[in-house]
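Okay, entry_39.txt now, which holds compact mmCIF, N, CA and C atoms:
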# COMPACT_ATOMS: atom_id res chain seq x y z
N VAL S 1 12.16 -10.40 1.89
CA VAL S 1 11.98 -9.04 1.39
C VAL S 1 11.81 -8.07 2.55
N GLN S 2 12.45 -6.92 2.44
CA GLN S 2 12.28 -5.86 3.43
C GLN S 2 11.57 -4.69 2.75
N LEU S 3 10.64 -4.08 3.48
CA LEU S 3 9.83 -3.00 2.93
C LEU S 3 9.98 -1.76 3.80
N GLN S 4 10.16 -0.62 3.15
CA GLN S 4 10.31 0.65 3.85
C GLN S 4 9.31 1.63 3.27
N ALA S 5 8.29 1.96 4.06
CA ALA S 5 7.24 2.86 3.61
C ALA S 5 7.54 4.30 4.03
N SER S 6 7.09 5.24 3.22
CA SER S 6 7.27 6.65 3.54
C SER S 6 6.19 7.47 2.84
N GLY S 7 6.11 8.76 3.20
CA GLY S 7 5.21 9.66 2.50
C GLY S 7 3.96 10.05 3.25
N GLY S 8 3.74 9.48 4.42
CA GLY S 8 2.56 9.85 5.17
C GLY S 8 2.65 11.27 5.70
N GLY S 9 1.55 11.75 6.23
CA GLY S 9 1.53 13.10 6.79
C GLY S 9 0.13 13.55 7.10
N SER S 10 -0.01 14.81 7.42
CA SER S 10 -1.30 15.40 7.73
C SER S 10 -1.72 16.34 6.60
N VAL S 11 -2.90 16.13 6.09
CA VAL S 11 -3.41 16.94 4.98
C VAL S 11 -4.86 17.31 5.25
N GLN S 12 -5.34 18.27 4.47
CA GLN S 12 -6.75 18.66 4.54
C GLN S 12 -7.56 17.84 3.55
N ALA S 13 -8.82 17.67 3.84
CA ALA S 13 -9.71 16.97 2.93
C ALA S 13 -9.67 17.63 1.55
N GLY S 14 -9.64 16.80 0.53
CA GLY S 14 -9.58 17.30 -0.83
C GLY S 14 -8.17 17.41 -1.39
N GLU S 15 -7.18 17.34 -0.52
CA GLU S 15 -5.79 17.44 -0.97
C GLU S 15 -5.27 16.08 -1.44
N SER S 16 -3.99 16.07 -1.83
CA SER S 16 -3.38 14.86 -2.37
C SER S 16 -2.15 14.48 -1.57
N LEU S 17 -1.81 13.21 -1.65
CA LEU S 17 -0.66 12.68 -0.92
C LEU S 17 -0.19 11.44 -1.66
N THR S 18 1.12 11.23 -1.71
CA THR S 18 1.65 10.03 -2.34
C THR S 18 2.50 9.25 -1.36
N LEU S 19 2.17 7.98 -1.21
CA LEU S 19 2.95 7.08 -0.37
C LEU S 19 3.90 6.27 -1.23
N SER S 20 5.06 5.96 -0.66
CA SER S 20 6.05 5.15 -1.37
C SER S 20 6.45 3.98 -0.49
N CYS S 21 6.84 2.88 -1.12
CA CYS S 21 7.32 1.71 -0.40
C CYS S 21 8.47 1.11 -1.19
N ALA S 22 9.65 1.16 -0.60
CA ALA S 22 10.84 0.63 -1.26
C ALA S 22 11.08 -0.80 -0.79
N ALA S 23 11.23 -1.70 -1.75
CA ALA S 23 11.47 -3.10 -1.44
C ALA S 23 12.93 -3.45 -1.69
N SER S 24 13.47 -4.30 -0.83
CA SER S 24 14.84 -4.78 -1.01
C SER S 24 14.89 -6.26 -0.64
N GLY S 25 15.95 -6.92 -1.03
CA GLY S 25 16.08 -8.35 -0.78
C GLY S 25 15.67 -9.14 -2.01
N LYS S 26 14.95 -10.24 -1.82
CA LYS S 26 14.57 -11.12 -2.93
C LYS S 26 13.33 -10.57 -3.66
N VAL S 27 13.48 -9.41 -4.25
CA VAL S 27 12.34 -8.73 -4.87
C VAL S 27 11.80 -9.50 -6.07
N GLU S 28 12.64 -10.33 -6.66
CA GLU S 28 12.20 -11.11 -7.84
C GLU S 28 11.16 -12.16 -7.44
N SER S 29 11.04 -12.44 -6.16
CA SER S 29 10.08 -13.43 -5.69
C SER S 29 8.70 -12.83 -5.39
N ILE S 30 8.58 -11.51 -5.50
CA ILE S 30 7.32 -10.85 -5.16
C ILE S 30 6.27 -11.10 -6.24
N LYS S 31 5.11 -11.56 -5.82
CA LYS S 31 4.00 -11.81 -6.73
C LYS S 31 2.97 -10.69 -6.69
N VAL S 32 2.72 -10.15 -5.51
CA VAL S 32 1.72 -9.09 -5.33
C VAL S 32 2.25 -8.10 -4.30
N MET S 33 2.05 -6.82 -4.55
CA MET S 33 2.33 -5.78 -3.56
C MET S 33 1.08 -4.97 -3.35
N GLY S 34 0.92 -4.50 -2.13
CA GLY S 34 -0.30 -3.74 -1.87
C GLY S 34 -0.17 -2.81 -0.69
N TRP S 35 -1.20 -2.02 -0.51
CA TRP S 35 -1.32 -1.10 0.62
C TRP S 35 -2.55 -1.50 1.45
N PHE S 36 -2.36 -1.51 2.75
CA PHE S 36 -3.44 -1.78 3.69
C PHE S 36 -3.54 -0.61 4.65
N ARG S 37 -4.74 -0.36 5.13
CA ARG S 37 -4.97 0.70 6.11
C ARG S 37 -5.50 0.09 7.40
N GLN S 38 -5.00 0.62 8.50
CA GLN S 38 -5.48 0.16 9.80
C GLN S 38 -5.81 1.34 10.68
N ILE S 39 -6.97 1.25 11.36
CA ILE S 39 -7.34 2.26 12.36
C ILE S 39 -7.47 1.54 13.69
N PRO S 40 -7.38 2.26 14.79
CA PRO S 40 -7.39 1.62 16.12
C PRO S 40 -8.60 0.72 16.32
N GLY S 41 -8.34 -0.48 16.80
CA GLY S 41 -9.41 -1.41 17.12
C GLY S 41 -9.90 -2.24 15.96
N GLU S 42 -9.31 -2.03 14.79
CA GLU S 42 -9.77 -2.77 13.62
C GLU S 42 -8.61 -3.48 12.93
N MET S 43 -8.96 -4.45 12.10
CA MET S 43 -7.96 -5.18 11.34
C MET S 43 -7.45 -4.31 10.19
N ARG S 44 -6.30 -4.69 9.68
CA ARG S 44 -5.80 -4.05 8.48
C ARG S 44 -6.71 -4.45 7.32
N ARG S 45 -7.04 -3.45 6.51
CA ARG S 45 -7.93 -3.71 5.39
C ARG S 45 -7.24 -3.28 4.10
N LEU S 46 -7.48 -4.04 3.06
CA LEU S 46 -6.86 -3.74 1.78
C LEU S 46 -7.35 -2.42 1.23
N VAL S 47 -6.40 -1.62 0.76
CA VAL S 47 -6.71 -0.38 0.05
C VAL S 47 -6.58 -0.62 -1.45
N ALA S 48 -5.44 -1.19 -1.83
CA ALA S 48 -5.19 -1.49 -3.24
C ALA S 48 -4.02 -2.44 -3.34
N ASP S 49 -4.03 -3.28 -4.37
CA ASP S 49 -2.84 -4.09 -4.63
C ASP S 49 -2.63 -4.26 -6.12
N ILE S 50 -1.41 -4.69 -6.46
CA ILE S 50 -1.03 -4.85 -7.86
C ILE S 50 -0.17 -6.10 -7.97
N SER S 51 -0.50 -6.94 -8.94
CA SER S 51 0.27 -8.17 -9.12
C SER S 51 1.46 -7.92 -10.02
N SER S 52 2.35 -8.91 -10.05
CA SER S 52 3.52 -8.79 -10.92
C SER S 52 3.09 -8.75 -12.39
N GLY S 53 1.90 -9.23 -12.67
CA GLY S 53 1.38 -9.18 -14.04
C GLY S 53 0.61 -7.92 -14.34
N GLY S 54 0.51 -7.03 -13.35
CA GLY S 54 -0.15 -5.75 -13.57
C GLY S 54 -1.62 -5.70 -13.21
N GLU S 55 -2.17 -6.80 -12.68
CA GLU S 55 -3.58 -6.77 -12.27
C GLU S 55 -3.73 -5.93 -11.00
N ILE S 56 -4.73 -5.07 -10.99
CA ILE S 56 -4.92 -4.12 -9.89
C ILE S 56 -6.29 -4.33 -9.25
N THR S 57 -6.30 -4.24 -7.94
CA THR S 57 -7.54 -4.29 -7.17
C THR S 57 -7.61 -3.07 -6.26
N TYR S 58 -8.77 -2.44 -6.20
CA TYR S 58 -8.99 -1.31 -5.30
C TYR S 58 -10.17 -1.61 -4.38
N ALA S 59 -10.07 -1.12 -3.16
CA ALA S 59 -11.24 -1.12 -2.29
C ALA S 59 -12.26 -0.15 -2.87
N ASP S 60 -13.53 -0.47 -2.72
CA ASP S 60 -14.57 0.37 -3.31
C ASP S 60 -14.48 1.82 -2.86
N ALA S 61 -14.08 2.03 -1.61
CA ALA S 61 -14.06 3.38 -1.04
C ALA S 61 -13.02 4.30 -1.69
N VAL S 62 -12.05 3.72 -2.37
CA VAL S 62 -10.97 4.55 -2.93
C VAL S 62 -10.96 4.56 -4.45
N LYS S 63 -11.84 3.79 -5.07
CA LYS S 63 -11.88 3.75 -6.53
C LYS S 63 -12.13 5.14 -7.09
N GLY S 64 -11.33 5.51 -8.08
CA GLY S 64 -11.46 6.81 -8.70
C GLY S 64 -10.69 7.91 -8.00
N ARG S 65 -10.18 7.62 -6.81
CA ARG S 65 -9.43 8.63 -6.06
C ARG S 65 -7.97 8.24 -5.85
N PHE S 66 -7.72 6.94 -5.67
CA PHE S 66 -6.36 6.47 -5.41
C PHE S 66 -5.86 5.70 -6.63
N THR S 67 -4.55 5.77 -6.84
CA THR S 67 -3.92 5.03 -7.93
C THR S 67 -2.70 4.31 -7.38
N ILE S 68 -2.65 3.01 -7.57
CA ILE S 68 -1.49 2.23 -7.16
C ILE S 68 -0.63 1.97 -8.38
N SER S 69 0.67 2.03 -8.19
CA SER S 69 1.59 1.75 -9.29
C SER S 69 2.88 1.17 -8.71
N ARG S 70 3.63 0.54 -9.60
CA ARG S 70 4.87 -0.10 -9.16
C ARG S 70 5.95 0.18 -10.18
N ASP S 71 7.07 0.68 -9.71
CA ASP S 71 8.23 0.90 -10.55
C ASP S 71 9.17 -0.28 -10.33
N SER S 72 9.11 -1.24 -11.24
CA SER S 72 9.89 -2.46 -11.05
C SER S 72 11.39 -2.23 -11.13
N THR S 73 11.79 -1.23 -11.89
CA THR S 73 13.23 -0.96 -12.02
C THR S 73 13.81 -0.44 -10.72
N LYS S 74 12.97 0.24 -9.93
CA LYS S 74 13.44 0.79 -8.66
C LYS S 74 12.88 0.01 -7.48
N ASN S 75 12.12 -1.06 -7.79
CA ASN S 75 11.53 -1.88 -6.72
C ASN S 75 10.75 -1.03 -5.73
N THR S 76 9.96 -0.13 -6.25
CA THR S 76 9.20 0.79 -5.41
C THR S 76 7.72 0.75 -5.76
N LEU S 77 6.91 0.73 -4.72
CA LEU S 77 5.46 0.76 -4.86
C LEU S 77 4.96 2.14 -4.46
N PHE S 78 3.96 2.64 -5.19
CA PHE S 78 3.41 3.95 -4.90
C PHE S 78 1.90 3.87 -4.68
N LEU S 79 1.40 4.80 -3.91
CA LEU S 79 -0.04 4.98 -3.79
C LEU S 79 -0.31 6.48 -3.88
N GLN S 80 -0.87 6.90 -5.01
CA GLN S 80 -1.25 8.29 -5.20
C GLN S 80 -2.66 8.47 -4.67
N MET S 81 -2.77 9.31 -3.67
CA MET S 81 -4.05 9.55 -3.01
C MET S 81 -4.52 10.94 -3.37
N THR S 82 -5.64 11.05 -4.05
CA THR S 82 -6.19 12.36 -4.41
C THR S 82 -7.57 12.53 -3.79
N ASN S 83 -7.99 13.78 -3.66
CA ASN S 83 -9.30 14.07 -3.07
C ASN S 83 -9.51 13.26 -1.79
N VAL S 84 -8.54 13.33 -0.91
CA VAL S 84 -8.60 12.51 0.31
C VAL S 84 -9.75 12.96 1.20
N LYS S 85 -10.23 12.02 2.00
CA LYS S 85 -11.35 12.27 2.91
C LYS S 85 -10.92 11.92 4.33
N PRO S 86 -11.60 12.48 5.32
CA PRO S 86 -11.25 12.14 6.71
C PRO S 86 -11.26 10.65 6.99
N GLU S 87 -12.14 9.92 6.31
CA GLU S 87 -12.20 8.48 6.54
C GLU S 87 -11.01 7.72 5.93
N ASP S 88 -10.15 8.42 5.22
CA ASP S 88 -8.92 7.80 4.74
C ASP S 88 -7.84 7.78 5.82
N THR S 89 -8.10 8.43 6.93
CA THR S 89 -7.14 8.49 8.03
C THR S 89 -6.81 7.10 8.55
N GLY S 90 -5.54 6.87 8.84
CA GLY S 90 -5.11 5.61 9.41
C GLY S 90 -3.63 5.40 9.19
N ILE S 91 -3.17 4.26 9.63
CA ILE S 91 -1.79 3.86 9.37
C ILE S 91 -1.79 2.99 8.12
N TYR S 92 -0.99 3.37 7.17
CA TYR S 92 -0.92 2.64 5.91
C TYR S 92 0.31 1.74 5.91
N TYR S 93 0.07 0.47 5.63
CA TYR S 93 1.12 -0.53 5.61
C TYR S 93 1.32 -1.05 4.19
N CYS S 94 2.58 -1.18 3.83
CA CYS S 94 2.94 -1.79 2.57
C CYS S 94 3.08 -3.30 2.79
N ASN S 95 2.62 -4.07 1.84
CA ASN S 95 2.67 -5.53 1.95
C ASN S 95 3.21 -6.13 0.67
N ALA S 96 3.94 -7.22 0.80
CA ALA S 96 4.42 -7.96 -0.36
C ALA S 96 4.20 -9.45 -0.13
N ASP S 97 3.61 -10.11 -1.11
CA ASP S 97 3.44 -11.55 -1.08
C ASP S 97 4.49 -12.18 -1.99
N GLN S 98 5.26 -13.10 -1.42
CA GLN S 98 6.36 -13.71 -2.16
C GLN S 98 6.10 -15.19 -2.38
N GLU S 99 6.66 -15.72 -3.45
CA GLU S 99 6.69 -17.15 -3.66
C GLU S 99 8.15 -17.57 -3.76
N ILE S 100 8.56 -18.44 -2.84
CA ILE S 100 9.95 -18.92 -2.84
C ILE S 100 9.91 -20.44 -2.78
N ASP S 101 10.40 -21.07 -3.84
CA ASP S 101 10.45 -22.54 -3.91
C ASP S 101 9.09 -23.16 -3.61
N GLY S 102 8.04 -22.57 -4.13
CA GLY S 102 6.71 -23.13 -3.97
C GLY S 102 6.00 -22.76 -2.69
N ASP S 103 6.69 -22.09 -1.79
CA ASP S 103 6.08 -21.64 -0.54
C ASP S 103 5.78 -20.14 -0.62
N TYR S 104 4.72 -19.73 0.09
CA TYR S 104 4.30 -18.34 0.05
C TYR S 104 4.57 -17.64 1.37
N TYR S 105 5.05 -16.43 1.28
CA TYR S 105 5.40 -15.64 2.46
C TYR S 105 4.84 -14.24 2.31
N GLY S 106 4.52 -13.63 3.43
CA GLY S 106 4.07 -12.24 3.41
C GLY S 106 5.04 -11.37 4.19
N ALA S 107 5.28 -10.18 3.69
CA ALA S 107 6.16 -9.22 4.37
C ALA S 107 5.42 -7.91 4.53
N TRP S 108 5.70 -7.22 5.64
CA TRP S 108 5.06 -5.94 5.93
C TRP S 108 6.10 -4.87 6.17
N GLY S 109 5.79 -3.66 5.72
CA GLY S 109 6.59 -2.51 6.08
C GLY S 109 6.18 -2.01 7.44
N GLN S 110 6.82 -0.92 7.88
CA GLN S 110 6.62 -0.44 9.25
C GLN S 110 5.38 0.42 9.41
N GLY S 111 4.73 0.82 8.33
CA GLY S 111 3.54 1.65 8.45
C GLY S 111 3.87 3.13 8.42
N THR S 112 2.98 3.88 7.80
CA THR S 112 3.14 5.34 7.76
C THR S 112 1.77 5.97 8.02
N GLN S 113 1.75 6.96 8.91
CA GLN S 113 0.49 7.56 9.35
C GLN S 113 -0.03 8.58 8.34
N VAL S 114 -1.30 8.46 8.01
CA VAL S 114 -1.98 9.45 7.18
C VAL S 114 -3.14 10.02 7.99
N THR S 115 -3.16 11.33 8.13
CA THR S 115 -4.23 12.00 8.87
C THR S 115 -4.88 13.04 7.97
N VAL S 116 -6.17 12.91 7.77
CA VAL S 116 -6.92 13.83 6.92
C VAL S 116 -7.90 14.61 7.78
N SER S 117 -7.77 15.90 7.76
CA SER S 117 -8.65 16.78 8.54
C SER S 117 -9.73 17.37 7.66
N SER S 118 -10.89 17.55 8.23
CA SER S 118 -12.02 18.11 7.47
C SER S 118 -12.01 19.62 7.50
Show me this structure written as structure tokens.
Amino acid sequence: VQLQASGGGSVQAGESLTLSCAASGKVESIKVMGWFRQIPGEMRRLVADISSGGEITYADAVKGRFTISRDSTKNTLFLQMTNVKPEDTGIYYCNADQEIDGDYYGAWGQGTQVTVSS
């Protein structure tokens, strides 16, 4: 699977932003898709993910502000970010976990920068 993320940018605190991630390749093998955030010197941390069955997980810091969704017909993952805060700043990576013939693989997009100013 190949992932192409887009939609990042610079916004003011309290504003909204939507990230998109287009998947191509063996998309039928994807079990979970998600968004991770990384800031300098730290590991990538889960922001939100959604399974092929529709189960959703959010990091506590974004609950009630961010919404993850997936358009299966267009093989696109979205992250609607509302009421953003400076601590949401970072590089956002799209991730897909695949199952192929009983083996599991992870794929990453190239990352998109989100900068929130106070």
As an exercise, work out the distance from atom CA of Gln4 of chain S to atom CA of Gly102 of chain S in Å and give it to one decimal place. 25.3 Å
So which residues touch Gly34 of chain S within 8 Å, counting only N, CA and C atoms, skipping near sequence neighbours fewer than 2 positions away, as a PyMOL selection string? chain S and resi 31-32+36-37+46-51+77+93-97
Can you spit out the residues from that selection as a CSV table (one decimal), keeping the file's coordinate frame, using N, CA and C atoms?
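Final output, selection24.csv:
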chain,number,residue,atom,x,y,z
S,31,LYS,N,5.1,-11.6,-5.8
S,31,LYS,CA,4.0,-11.8,-6.7
S,31,LYS,C,3.0,-10.7,-6.7
S,32,VAL,N,2.7,-10.2,-5.5
S,32,VAL,CA,1.7,-9.1,-5.3
S,32,VAL,C,2.2,-8.1,-4.3
S,36,PHE,N,-2.4,-1.5,2.8
S,36,PHE,CA,-3.4,-1.8,3.7
S,36,PHE,C,-3.5,-0.6,4.6
S,37,ARG,N,-4.7,-0.4,5.1
S,37,ARG,CA,-5.0,0.7,6.1
S,37,ARG,C,-5.5,0.1,7.4
S,46,LEU,N,-7.5,-4.0,3.1
S,46,LEU,CA,-6.9,-3.7,1.8
S,46,LEU,C,-7.4,-2.4,1.2
S,47,VAL,N,-6.4,-1.6,0.8
S,47,VAL,CA,-6.7,-0.4,0.0
S,47,VAL,C,-6.6,-0.6,-1.4
S,48,ALA,N,-5.4,-1.2,-1.8
S,48,ALA,CA,-5.2,-1.5,-3.2
S,48,ALA,C,-4.0,-2.4,-3.3
S,49,ASP,N,-4.0,-3.3,-4.4
S,49,ASP,CA,-2.8,-4.1,-4.6
S,49,ASP,C,-2.6,-4.3,-6.1
S,50,ILE,N,-1.4,-4.7,-6.5
S,50,ILE,CA,-1.0,-4.8,-7.9
S,50,ILE,C,-0.2,-6.1,-8.0
S,51,SER,N,-0.5,-6.9,-8.9
S,51,SER,CA,0.3,-8.2,-9.1
S,51,SER,C,1.5,-7.9,-10.0
S,77,LEU,N,6.9,0.7,-4.7
S,77,LEU,CA,5.5,0.8,-4.9
S,77,LEU,C,5.0,2.1,-4.5
S,93,TYR,N,0.1,0.5,5.6
S,93,TYR,CA,1.1,-0.5,5.6
S,93,TYR,C,1.3,-1.0,4.2
S,94,CYS,N,2.6,-1.2,3.8
S,94,CYS,CA,2.9,-1.8,2.6
S,94,CYS,C,3.1,-3.3,2.8
S,95,ASN,N,2.6,-4.1,1.8
S,95,ASN,CA,2.7,-5.5,2.0
S,95,ASN,C,3.2,-6.1,0.7
S,96,ALA,N,3.9,-7.2,0.8
S,96,ALA,CA,4.4,-8.0,-0.4
S,96,ALA,C,4.2,-9.4,-0.1
S,97,ASP,N,3.6,-10.1,-1.1
S,97,ASP,CA,3.4,-11.6,-1.1
S,97,ASP,C,4.5,-12.2,-2.0
S:Leu79, S:Gly14, S:Ser20, S:Val1: which is nearest Gln98 of chain S, counting only N, CA and C atoms?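 Of S:Leu79, S:Gly14, S:Ser20, S:Val1, the one nearest Gln98 of chain S is S:Val1, counting only N, CA and C atoms.
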Give me the residues near Thr115 of chain S as a ChimeraX atom specification, where near means some atom within 12 Å (using only C-alpha atoms) and where sequence neighbours in that chain fewer than 3 positions away do not count. /S:7-13,15-17,37-39,84-92,112,118
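Put simply, atom CA of Glu99 of chain S is 10.2 Å away from atom CA of Val27 of chain S.
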